[in-house]
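Colleague: Pasting upload27.cif below, which is mmCIF, C-alpha atoms.
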```
data_final
loop_
_atom_site.label_atom_id
_atom_site.label_comp_id
_atom_site.auth_asym_id
_atom_site.auth_seq_id
_atom_site.Cartn_x
_atom_site.Cartn_y
_atom_site.Cartn_z
CA MET A 4 21.30 -21.78 7.83
CA ASP A 5 22.17 -18.61 5.91
CA LEU A 6 22.20 -20.55 2.69
CA ILE A 7 18.77 -22.06 3.34
CA LEU A 8 17.27 -18.66 4.18
CA PHE A 9 18.89 -17.13 1.10
CA LEU A 10 17.57 -19.89 -1.16
CA ILE A 11 14.04 -19.67 0.25
CA PHE A 12 13.76 -15.91 -0.11
CA ALA A 13 15.65 -15.70 -3.41
CA THR A 14 13.24 -18.27 -4.86
CA LEU A 15 10.30 -16.33 -3.42
CA ALA A 16 11.60 -13.10 -4.97
CA VAL A 17 12.09 -14.66 -8.40
CA VAL A 18 8.68 -16.40 -8.32
CA CYS A 19 6.97 -13.14 -7.32
CA ALA A 20 8.86 -11.22 -10.03
CA VAL A 21 7.78 -13.75 -12.68
CA SER A 22 4.25 -13.48 -11.35
CA LEU A 23 4.48 -9.66 -11.69
CA VAL A 24 5.32 -10.01 -15.37
CA VAL A 25 2.74 -12.67 -16.28
CA GLN A 26 -0.25 -11.57 -14.17
CA LYS A 27 -3.19 -10.30 -16.20
CA GLN A 28 -4.69 -8.08 -13.51
CA PRO A 29 -2.68 -5.03 -12.36
CA ILE A 30 -3.72 -5.64 -8.75
CA GLY A 31 -2.12 -9.11 -8.95
CA SER A 32 1.08 -7.53 -10.23
CA ALA A 33 1.04 -5.04 -7.36
CA LEU A 34 0.69 -7.81 -4.76
CA SER A 35 3.53 -9.76 -6.43
CA LEU A 36 5.70 -6.65 -6.19
CA VAL A 37 4.96 -6.49 -2.45
CA GLY A 38 6.19 -10.10 -2.26
CA VAL A 39 9.42 -9.20 -4.06
CA MET A 40 10.03 -6.24 -1.74
CA GLY A 41 9.34 -8.30 1.38
CA SER A 42 11.78 -11.02 0.41
CA LEU A 43 14.38 -8.42 -0.57
CA ALA A 44 14.04 -6.93 2.92
CA VAL A 45 14.95 -10.32 4.39
CA LEU A 46 17.96 -10.52 2.06
CA TYR A 47 19.06 -7.05 3.24
CA LEU A 48 18.89 -8.33 6.82
CA LEU A 49 21.06 -11.30 5.80
CA LEU A 50 23.54 -8.81 4.35
CA GLY A 51 23.61 -6.94 7.67
CA ALA A 52 21.78 -3.83 6.42
CA GLU A 53 19.22 -3.48 9.19
CA PHE A 54 18.27 0.13 8.54
CA ILE A 55 17.85 -0.42 4.80
CA ALA A 56 15.67 -3.48 5.46
CA ALA A 57 13.39 -1.44 7.70
CA VAL A 58 13.22 1.43 5.19
CA GLN A 59 12.52 -1.08 2.41
CA LEU A 60 9.47 -2.36 4.29
CA ILE A 61 8.23 1.04 5.46
CA VAL A 62 8.84 3.15 2.36
CA TYR A 63 8.62 0.65 -0.49
CA ALA A 64 6.24 -2.07 0.68
CA GLY A 65 4.30 0.43 2.76
CA ALA A 66 4.06 3.85 1.19
CA ILE A 67 4.85 3.37 -2.48
CA MET A 68 2.79 0.21 -2.92
CA VAL A 69 -0.20 1.77 -1.15
CA LEU A 70 0.06 4.59 -3.70
CA PHE A 71 0.08 2.03 -6.54
CA VAL A 72 -2.86 0.05 -5.18
CA PHE A 73 -4.75 3.29 -4.59
CA VAL A 74 -4.27 4.42 -8.20
CA ILE A 75 -5.19 0.96 -9.55
CA MET A 76 -8.45 1.08 -7.62
CA LEU A 77 -9.09 4.74 -8.47
CA LEU A 78 -8.72 4.10 -12.21
CA ASN A 79 -10.49 0.74 -12.01
CA ALA A 80 -7.68 -0.87 -14.04
CA ARG A 81 -8.70 -4.18 -15.59
CA GLU A 82 -7.09 -6.79 -17.82
CA GLU A 83 -5.06 -5.25 -20.60
CA ASN A 84 -5.56 -5.81 -24.31
CA PRO A 85 -3.28 -8.41 -25.88
CA ALA A 86 -0.16 -6.80 -27.26
CA GLY A 87 -0.12 -5.92 -30.94
CA ARG A 88 3.62 -6.18 -31.41
CA SER A 89 5.45 -6.44 -34.67
CA TRP A 90 7.08 -9.80 -35.38
CA PRO A 91 10.77 -8.80 -34.85
CA SER A 92 10.12 -7.59 -31.33
CA ARG A 93 8.03 -10.67 -30.57
CA LEU A 94 10.75 -12.96 -31.91
CA LEU A 95 13.80 -11.19 -30.47
CA GLY A 96 12.64 -10.04 -27.05
CA ILE A 97 13.04 -13.16 -24.94
CA PRO A 98 16.24 -14.47 -26.63
CA LEU A 99 17.95 -11.09 -26.22
CA LEU A 100 16.97 -10.92 -22.56
CA THR A 101 18.27 -14.45 -22.04
CA VAL A 102 21.56 -13.50 -23.70
CA PHE A 103 21.82 -10.44 -21.42
CA LEU A 104 21.16 -12.51 -18.31
CA GLY A 105 23.61 -15.22 -19.40
CA LEU A 106 26.32 -12.63 -20.06
CA VAL A 107 25.89 -10.97 -16.66
CA ALA A 108 25.80 -14.33 -14.86
CA TYR A 109 28.94 -15.45 -16.69
CA LEU A 110 30.83 -12.28 -15.72
CA MET A 111 29.69 -12.66 -12.09
CA GLN A 112 30.91 -16.25 -12.02
CA ARG A 113 34.27 -15.21 -13.45
CA MET A 114 34.60 -12.51 -10.78
CA ALA A 115 33.34 -14.89 -8.10
CA PRO A 116 36.62 -16.22 -6.59
CA SER A 117 37.83 -12.71 -5.76
CA MET A 118 34.53 -11.76 -4.14
CA GLY A 119 34.28 -14.23 -1.32
CA THR A 120 31.20 -15.11 0.67
CA VAL A 121 28.58 -13.44 2.83
CA THR A 122 28.29 -14.52 6.45
CA PHE A 123 25.51 -13.17 8.62
CA GLY A 124 26.82 -10.95 11.41
CA SER A 125 30.22 -10.24 9.91
CA PHE A 126 29.25 -6.70 8.91
CA ASN A 127 26.28 -5.01 10.61
CA THR A 128 25.20 -1.45 10.02
CA GLY A 129 22.35 0.03 12.00
CA ALA A 130 20.85 3.49 11.89
CA LYS A 131 23.84 4.89 13.79
CA GLU A 132 26.44 4.30 11.08
CA ILE A 133 24.04 5.32 8.31
CA GLY A 134 23.14 8.53 10.10
CA ARG A 135 26.74 9.38 10.83
CA SER A 136 27.70 8.94 7.20
CA LEU A 137 24.56 10.72 5.94
CA PHE A 138 25.12 13.83 8.03
CA ASN A 139 28.87 14.09 7.53
CA GLN A 140 30.03 12.93 4.15
CA TYR A 141 26.70 13.00 2.34
CA LEU A 142 25.14 16.10 3.89
CA LEU A 143 24.80 18.08 0.66
CA PRO A 144 23.16 15.24 -1.35
CA PHE A 145 20.83 14.66 1.58
CA GLU A 146 19.70 18.29 1.61
CA VAL A 147 19.34 18.32 -2.18
CA THR A 148 17.16 15.22 -1.89
CA SER A 149 14.82 17.03 0.46
CA VAL A 150 14.40 19.78 -2.14
CA LEU A 151 13.75 17.09 -4.77
CA VAL A 152 11.02 15.53 -2.64
CA LEU A 153 9.45 18.95 -2.09
CA ILE A 154 9.42 19.59 -5.85
CA ALA A 155 7.93 16.12 -6.43
CA ILE A 156 5.12 16.84 -3.96
CA LEU A 157 4.36 20.16 -5.65
CA GLY A 158 4.49 18.50 -9.09
CA ALA A 159 2.15 15.71 -8.04
CA ILE A 160 -0.34 18.19 -6.59
CA VAL A 161 -0.24 20.40 -9.70
CA LEU A 162 -0.65 17.41 -12.04
CA ALA A 163 -3.46 15.70 -10.15
CA ARG A 164 -5.34 18.85 -9.15
CA LYS A 165 -9.06 19.22 -10.07
CA GLU A 166 -8.99 15.55 -10.92
CA ILE A 167 -11.92 13.12 -10.77
CA ASP A 168 -15.09 15.21 -10.43
CA MET B 13 29.47 -27.08 -2.38
CA PRO B 14 29.69 -24.01 -0.17
CA GLN B 15 29.29 -24.17 3.59
CA LEU B 16 25.84 -23.87 5.03
CA ASN B 17 26.39 -20.56 6.82
CA ALA B 18 28.12 -18.66 4.01
CA VAL B 19 26.40 -17.53 0.82
CA PRO B 20 28.66 -16.80 -2.18
CA MET B 21 28.62 -13.11 -3.03
CA SER B 22 28.05 -13.87 -6.70
CA TRP B 23 24.67 -15.48 -5.90
CA TYR B 24 23.36 -12.17 -4.61
CA LEU B 25 24.58 -10.41 -7.74
CA ILE B 26 23.10 -13.07 -10.02
CA LEU B 27 19.77 -12.83 -8.17
CA SER B 28 19.95 -9.09 -8.72
CA ALA B 29 20.60 -9.65 -12.44
CA ILE B 30 17.66 -12.07 -12.68
CA LEU B 31 15.31 -9.57 -11.02
CA PHE B 32 16.59 -6.78 -13.28
CA THR B 33 16.02 -8.91 -16.39
CA LEU B 34 12.49 -9.74 -15.25
CA GLY B 35 11.90 -6.02 -14.74
CA VAL B 36 13.11 -5.29 -18.28
CA ALA B 37 10.87 -8.10 -19.59
CA GLY B 38 7.85 -6.60 -17.82
CA PHE B 39 8.75 -3.16 -19.13
CA LEU B 40 8.97 -4.43 -22.71
CA PHE B 41 6.11 -6.93 -22.83
CA ARG B 42 3.35 -5.38 -20.76
CA ARG B 43 0.92 -2.88 -22.24
CA ASN B 44 -0.70 -1.55 -19.09
CA ILE B 45 0.93 1.72 -18.04
CA ILE B 46 0.67 0.89 -14.31
CA THR B 47 2.31 -2.52 -14.76
CA VAL B 48 5.10 -0.93 -16.80
CA PHE B 49 5.65 1.48 -13.92
CA MET B 50 5.80 -1.40 -11.44
CA SER B 51 8.42 -3.10 -13.63
CA ILE B 52 10.57 0.03 -13.30
CA GLU B 53 10.25 -0.26 -9.52
CA LEU B 54 11.35 -3.90 -9.80
CA MET B 55 14.48 -2.83 -11.71
CA LEU B 56 15.28 -0.22 -9.05
CA ASN B 57 14.92 -2.88 -6.36
CA ALA B 58 17.27 -5.21 -8.23
CA VAL B 59 19.93 -2.50 -8.41
CA ASN B 60 19.42 -1.76 -4.70
CA LEU B 61 20.17 -5.40 -3.89
CA SER B 62 23.51 -5.26 -5.67
CA PHE B 63 24.34 -1.95 -3.96
CA VAL B 64 23.76 -3.51 -0.54
CA ALA B 65 25.69 -6.65 -1.54
CA PHE B 66 28.71 -4.60 -2.61
CA SER B 67 28.40 -2.54 0.56
CA HIS B 68 28.71 -5.76 2.54
CA GLN B 69 31.63 -6.98 0.47
CA LEU B 70 33.64 -3.75 0.72
CA ARG B 71 32.74 -3.34 4.43
CA GLN B 72 31.67 0.24 3.72
CA VAL B 73 28.40 1.95 4.48
CA ASP B 74 28.35 4.01 1.25
CA GLY B 75 26.45 1.40 -0.78
CA GLN B 76 23.61 1.54 1.72
CA ILE B 77 23.58 5.35 1.51
CA PHE B 78 23.15 5.04 -2.25
CA THR B 79 20.30 2.57 -1.70
CA PHE B 80 18.72 5.10 0.64
CA PHE B 81 18.94 7.82 -2.03
CA VAL B 82 17.54 5.47 -4.69
CA MET B 83 14.57 4.80 -2.40
CA VAL B 84 13.94 8.51 -1.87
CA VAL B 85 14.13 9.22 -5.59
CA ALA B 86 11.87 6.21 -6.28
CA ALA B 87 9.29 7.60 -3.86
CA ALA B 88 9.39 10.99 -5.60
CA GLU B 89 9.23 9.27 -8.97
CA ALA B 90 6.23 7.17 -7.91
CA ALA B 91 4.33 10.25 -6.72
CA VAL B 92 4.94 12.22 -9.93
CA GLY B 93 4.54 9.19 -12.21
CA LEU B 94 1.22 8.17 -10.73
CA ALA B 95 0.00 11.78 -10.99
CA ILE B 96 0.97 11.72 -14.68
CA ILE B 97 -0.90 8.41 -15.10
CA LEU B 98 -3.98 10.02 -13.50
CA THR B 99 -3.73 12.95 -15.91
CA VAL B 100 -3.30 10.65 -18.93
CA PHE B 101 -6.32 8.65 -17.87
CA LYS B 102 -8.35 11.82 -17.35
CA ASN B 103 -7.54 13.10 -20.84
CA ARG B 104 -7.60 9.85 -22.83
CA ARG B 105 -9.72 7.36 -20.86
CA THR B 106 -7.17 4.62 -21.46
CA LEU B 107 -4.31 2.91 -19.63
CA SER B 108 -2.76 1.24 -22.68
CA ILE B 109 0.64 2.62 -23.61
CA ASP B 110 -0.02 1.81 -27.29
CA GLU B 111 -2.73 4.45 -27.42
CA VAL B 112 -0.63 7.13 -25.76
CA SER B 113 1.68 7.94 -28.66
CA SER B 114 1.42 11.68 -29.34
CA LEU B 115 5.19 12.06 -29.40
CA LYS B 116 5.54 9.47 -32.19
CA ASN B 117 4.02 11.57 -34.97
#
```
As structure tokens - that is how I would like this structure written.
Modeller:
Amino acid sequence: MDLILFLIFATLAVVCAVSLVVQKQPIGSALSLVGVMGSLAVLYLLLGAEFIAAVQLIVYAGAIMVLFVFVIMLLNAREENPAGRSWPSRLLGIPLLTVFLGLVAYLMQRMAPSMGTVTFGSFNTGAKEIGRSLFNQYLLPFEVTSVLVLIAILGAIVLARKEID
Amino acid sequence: MPQLNAVPMSWYLILSAILFTLGVAGFLFRRNIITVFMSIELMLNAVNLSFVAFSHQLRQVDGQIFTFFVMVVAAAEAAVGLAIILTVFKNRRTLSIDEVSSLKN
């Protein structure tokens, strides 16, 4: 059952990611990215990360993607111009990426016997464990992150101020 | 053939590698600045998946904490990045990254 769910949602994620890269319209790419994030949330659930799955849906698929869609509509983004690349980058891009992927997959397969398998329910972490770890061991990074978010809000306001008139 | 209720750990990591490669491909091949930005988000998501997978394998919560921090930083990055895109569009009336090349010369 786990395997079937994994295969369904892994396929969905890869199909949506390919669709993100090949779509002509930015809004199509944005919707594909929502598909990737949704299927990743299911995979997080399979891995027992309940809190992260919820945050993935709320923060990523909710907040960040709404921001993207909003900007796409605000700027009225249409189909892009065909790329005017030089011939080496055209010729080398896809083969080099394939080599990279093959190399990583090969290393993963070589490490595979020592890594074991994932069974649903063997390791569950809810908000309780995350919160306990966040406010004990990772308290300083957590506080620093809040300052970072504050700075990002101020930066975004300063950059986008007196915008579209 | 693995059992039906156990997924090999390496499959998660390979899926993460595939998503990361697709993100790099989008980053390199697309010309629209918003799509390039979305490809970066795809790469971040791919790395998050391997963080959570390793967290499950090591039976430790730390990987999920890292994922949490990556999400927070990605949210901050999206806010600032989209504000920069708005400013670029306001000044140049274009969304093509080929035409935004002041730093080249």
Colleague: Translate the PyMOL selection byres ((chain B and resi 31) around 7), as applied to the file shown, into an explicit residue set as a list in words.
Modeller: Val17 and Ala20 of chain A; Leu27, Ser28, Ala29, Ile30, Phe32, Thr33, Leu34, Gly35, Met55 and Ala58 of chain B
Colleague: Identify all chain B residues at most 6 Å from chain A by counting all atoms listed in the file; ligands do not count. Present them as a ChimeraX atom specification.
Modeller: /B:16-22,26,38,44,88,92,95
Colleague: Find the distance between atom CA of B:Thr79 and atom CA of B:Leu40 and write it in Å to one decimal.
Modeller: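 Result for atom CA of B:Thr79 versus atom CA of B:Leu40: 24.9 Å, one decimal.
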Colleague: B:Phe81, B:Ile96, B:Ile45, B:Leu61: which is nearest B:Ile109, counting all atoms listed in the file?
Modeller: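 Closest to B:Ile109 of all the choices is B:Ile45.
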Colleague: Report, in Å with one decimal, the straight-line distance from atom CA of A:Leu48 to atom CA of A:Gly124.
Modeller: 9.5 Å
Colleague: Please indicate the distance in Å from atom CA of A:Ser35 to atom CA of B:Thr99, rounded to one decimal place.
Modeller: 25.7 Å
Colleague: Using all atoms listed in the file, can you tell me which of B:Ile97, B:Ala65, B:Leu56, B:Ile77 comes closest to A:Asn139?
Modeller: B:Ile77
